Amino acid sequence: MSNIINISNSASKRIREIIAKGNENAIGLRIAVKSGGCAGYSYDMDYVSEINPTDELVEHEGVKGFVDQAAIMLLLWSTMAFRKAKFKSVFTFINSKENESWGSGESFGV
């Protein structure tokens with residue numbers, strides 16, 4: 001097991017709920033970083049139905065996260081969490097490498 005990124009209890013619970021509600025072919029969640037957004041990079045997540053051999057596996061409470069090889073250095077020692085507020089629910093990333101963020105954490109710079 002890898003500790004590239006930590007998946008919080010709140011995030012693993014929400015991922016399990018989403019998969020159970022109609023993503024039955026999913027075996028986990030792929031976590032990546034893409035170029036773009038106001039600050040330079042943006043987090044990207046998608047369901048995984050097949051394992052990509054170049055991804056790094058992280059697990060928490062039975063939830064499997066597959067970290068894109070190209071994102072490892074940008075995500076190293078980060079934490080993925082899930083926040084539920086009155087009008088908005090969102091996955092968030094606590095990433096010490098960020099030096100700026102935009103759009104409530106959707107876009108970040110290093």
# chains A, B, ... in the order shown; residues from 1 in each chain; ligands from 1
$ select_by_dssp --residues "chain A" --states "helix (DSSP H, G or I)" --output "list in words"
Asn9, Ser10, Ala11, Ser12, Lys13, Arg14, Ile15, Arg16, Glu17, Ile18, Ile19, Ala20, Gln69, Ala70, Ala71, Ile72, Met73, Leu74 and Leu75 of chain A
$ write_last_selection --atoms "N, CA and C atoms" --output "PDB file, in the first residue's frame"
ATOM      1  N   ASN A   9     -11.699   9.510   6.101  1.00  0.00           N
ATOM      2  CA  ASN A   9     -12.895   8.708   6.379  1.00  0.00           C
ATOM      3  C   ASN A   9     -14.110   9.271   5.651  1.00  0.00           C
ATOM      4  N   SER A  10     -14.245  10.602   5.645  1.00  0.00           N
ATOM      5  CA  SER A  10     -15.408  11.218   4.998  1.00  0.00           C
ATOM      6  C   SER A  10     -15.398  10.966   3.486  1.00  0.00           C
ATOM      7  N   ALA A  11     -14.224  11.033   2.868  1.00  0.00           N
ATOM      8  CA  ALA A  11     -14.118  10.795   1.426  1.00  0.00           C
ATOM      9  C   ALA A  11     -14.382   9.335   1.090  1.00  0.00           C
ATOM     10  N   SER A  12     -13.828   8.411   1.856  1.00  0.00           N
ATOM     11  CA  SER A  12     -14.048   6.996   1.551  1.00  0.00           C
ATOM     12  C   SER A  12     -15.518   6.618   1.733  1.00  0.00           C
ATOM     13  N   LYS A  13     -16.165   7.181   2.738  1.00  0.00           N
ATOM     14  CA  LYS A  13     -17.593   6.910   2.940  1.00  0.00           C
ATOM     15  C   LYS A  13     -18.410   7.403   1.745  1.00  0.00           C
ATOM     16  N   ARG A  14     -18.127   8.618   1.289  1.00  0.00           N
ATOM     17  CA  ARG A  14     -18.875   9.190   0.162  1.00  0.00           C
ATOM     18  C   ARG A  14     -18.604   8.424  -1.144  1.00  0.00           C
ATOM     19  N   ILE A  15     -17.381   8.006  -1.374  1.00  0.00           N
ATOM     20  CA  ILE A  15     -17.054   7.242  -2.576  1.00  0.00           C
ATOM     21  C   ILE A  15     -17.826   5.923  -2.575  1.00  0.00           C
ATOM     22  N   ARG A  16     -17.858   5.239  -1.432  1.00  0.00           N
ATOM     23  CA  ARG A  16     -18.628   3.990  -1.336  1.00  0.00           C
ATOM     24  C   ARG A  16     -20.103   4.222  -1.627  1.00  0.00           C
ATOM     25  N   GLU A  17     -20.657   5.317  -1.116  1.00  0.00           N
ATOM     26  CA  GLU A  17     -22.076   5.639  -1.358  1.00  0.00           C
ATOM     27  C   GLU A  17     -22.346   5.858  -2.847  1.00  0.00           C
ATOM     28  N   ILE A  18     -21.483   6.613  -3.505  1.00  0.00           N
ATOM     29  CA  ILE A  18     -21.674   6.921  -4.923  1.00  0.00           C
ATOM     30  C   ILE A  18     -21.565   5.659  -5.769  1.00  0.00           C
ATOM     31  N   ILE A  19     -20.579   4.827  -5.485  1.00  0.00           N
ATOM     32  CA  ILE A  19     -20.414   3.584  -6.245  1.00  0.00           C
ATOM     33  C   ILE A  19     -21.630   2.680  -6.055  1.00  0.00           C
ATOM     34  N   ALA A  20     -22.146   2.621  -4.838  1.00  0.00           N
ATOM     35  CA  ALA A  20     -23.303   1.775  -4.550  1.00  0.00           C
ATOM     36  C   ALA A  20     -24.576   2.257  -5.241  1.00  0.00           C
ATOM     37  N   GLN A  69       0.133   8.249 -12.585  1.00  0.00           N
ATOM     38  CA  GLN A  69       1.590   8.340 -12.486  1.00  0.00           C
ATOM     39  C   GLN A  69       2.078   9.781 -12.633  1.00  0.00           C
ATOM     40  N   ALA A  70       1.484  10.529 -13.557  1.00  0.00           N
ATOM     41  CA  ALA A  70       1.920  11.908 -13.811  1.00  0.00           C
ATOM     42  C   ALA A  70       1.563  12.858 -12.669  1.00  0.00           C
ATOM     43  N   ALA A  71       0.670  12.457 -11.783  1.00  0.00           N
ATOM     44  CA  ALA A  71       0.216  13.335 -10.696  1.00  0.00           C
ATOM     45  C   ALA A  71       0.925  13.073  -9.375  1.00  0.00           C
ATOM     46  N   ILE A  72       1.719  12.035  -9.307  1.00  0.00           N
ATOM     47  CA  ILE A  72       2.298  11.625  -8.025  1.00  0.00           C
ATOM     48  C   ILE A  72       3.052  12.753  -7.338  1.00  0.00           C
ATOM     49  N   MET A  73       3.942  13.427  -8.020  1.00  0.00           N
ATOM     50  CA  MET A  73       4.743  14.476  -7.370  1.00  0.00           C
ATOM     51  C   MET A  73       3.896  15.659  -6.916  1.00  0.00           C
ATOM     52  N   LEU A  74       2.789  15.928  -7.596  1.00  0.00           N
ATOM     53  CA  LEU A  74       1.915  17.031  -7.198  1.00  0.00           C
ATOM     54  C   LEU A  74       0.977  16.644  -6.052  1.00  0.00           C
ATOM     55  N   LEU A  75       0.737  15.356  -5.867  1.00  0.00           N
ATOM     56  CA  LEU A  75      -0.193  14.892  -4.836  1.00  0.00           C
ATOM     57  C   LEU A  75       0.498  14.293  -3.613  1.00  0.00           C
TER      58      LEU A  75
END
$ select_by_dssp --residues "range 1-109 of chain A" --states "strand (DSSP E or B)" --output "PyMOL selection string"
chain A and resi 5-7+28-35+41-48+56-60+63-67+78-84+89-94+100-102+107-109
$ write_last_selection --atoms "C-alpha atoms" --output "PDB file, in the first residue's frame"
ATOM      1  CA  ILE A   5      -2.244  10.494  -0.857  1.00  0.00           C
ATOM      2  CA  ASN A   6      -4.419   9.876   2.170  1.00  0.00           C
ATOM      3  CA  ILE A   7      -8.136   9.323   1.698  1.00  0.00           C
ATOM      4  CA  GLY A  28     -12.397   2.503  -7.323  1.00  0.00           C
ATOM      5  CA  LEU A  29     -11.600   6.090  -8.141  1.00  0.00           C
ATOM      6  CA  ARG A  30      -8.793   7.439 -10.333  1.00  0.00           C
ATOM      7  CA  ILE A  31      -7.168  10.586  -8.982  1.00  0.00           C
ATOM      8  CA  ALA A  32      -5.224  12.757 -11.402  1.00  0.00           C
ATOM      9  CA  VAL A  33      -4.053  16.320 -11.979  1.00  0.00           C
ATOM     10  CA  LYS A  34      -4.615  18.122 -15.258  1.00  0.00           C
ATOM     11  CA  SER A  35      -3.080  21.277 -16.627  1.00  0.00           C
ATOM     12  CA  TYR A  41      -3.597  22.764 -12.398  1.00  0.00           C
ATOM     13  CA  SER A  42      -6.889  21.154 -11.500  1.00  0.00           C
ATOM     14  CA  TYR A  43      -7.767  17.966  -9.679  1.00  0.00           C
ATOM     15  CA  ASP A  44      -9.491  15.308 -11.740  1.00  0.00           C
ATOM     16  CA  MET A  45     -11.364  12.238 -10.534  1.00  0.00           C
ATOM     17  CA  ASP A  46     -13.151   9.494 -12.422  1.00  0.00           C
ATOM     18  CA  TYR A  47     -14.413   6.011 -11.704  1.00  0.00           C
ATOM     19  CA  VAL A  48     -12.173   3.085 -12.558  1.00  0.00           C
ATOM     20  CA  GLU A  56      -0.347   3.761  -7.876  1.00  0.00           C
ATOM     21  CA  LEU A  57      -2.902   2.135  -5.590  1.00  0.00           C
ATOM     22  CA  VAL A  58      -3.955   3.759  -2.306  1.00  0.00           C
ATOM     23  CA  GLU A  59      -6.625   2.237  -0.089  1.00  0.00           C
ATOM     24  CA  HIS A  60      -8.642   3.390   2.883  1.00  0.00           C
ATOM     25  CA  VAL A  63     -11.992   2.196  -1.014  1.00  0.00           C
ATOM     26  CA  LYS A  64      -9.371   1.976  -3.739  1.00  0.00           C
ATOM     27  CA  GLY A  65      -7.830   5.092  -5.186  1.00  0.00           C
ATOM     28  CA  PHE A  66      -5.689   4.848  -8.304  1.00  0.00           C
ATOM     29  CA  VAL A  67      -3.249   7.758  -8.546  1.00  0.00           C
ATOM     30  CA  SER A  78      -1.867  15.195   0.293  1.00  0.00           C
ATOM     31  CA  THR A  79      -5.207  14.333   1.832  1.00  0.00           C
ATOM     32  CA  MET A  80      -8.468  13.910  -0.048  1.00  0.00           C
ATOM     33  CA  ALA A  81     -11.529  14.734   2.057  1.00  0.00           C
ATOM     34  CA  PHE A  82     -15.253  15.246   1.560  1.00  0.00           C
ATOM     35  CA  ARG A  83     -17.104  18.250   2.977  1.00  0.00           C
ATOM     36  CA  LYS A  84     -20.844  18.560   3.209  1.00  0.00           C
ATOM     37  CA  SER A  89     -21.007  19.036  -1.032  1.00  0.00           C
ATOM     38  CA  VAL A  90     -17.507  18.702  -2.430  1.00  0.00           C
ATOM     39  CA  PHE A  91     -14.371  16.580  -2.434  1.00  0.00           C
ATOM     40  CA  THR A  92     -11.435  18.695  -1.272  1.00  0.00           C
ATOM     41  CA  PHE A  93      -7.674  18.255  -1.308  1.00  0.00           C
ATOM     42  CA  ILE A  94      -5.348  19.378   1.444  1.00  0.00           C
ATOM     43  CA  GLU A 100      -2.450  29.346  -4.545  1.00  0.00           C
ATOM     44  CA  SER A 101      -5.912  27.994  -5.210  1.00  0.00           C
ATOM     45  CA  TRP A 102      -9.020  29.157  -7.046  1.00  0.00           C
ATOM     46  CA  SER A 107      -7.743  24.831  -9.356  1.00  0.00           C
ATOM     47  CA  PHE A 108      -4.304  25.211  -7.769  1.00  0.00           C
ATOM     48  CA  GLY A 109      -0.760  26.330  -8.426  1.00  0.00           C
TER      49      GLY A 109
END
$ closest_residue --among "A:Ile27, A:Ser8, A:Asp68, A:Leu76" --to "Asp55 in chain A" --atoms "only C-alpha atoms"
A:Asp68
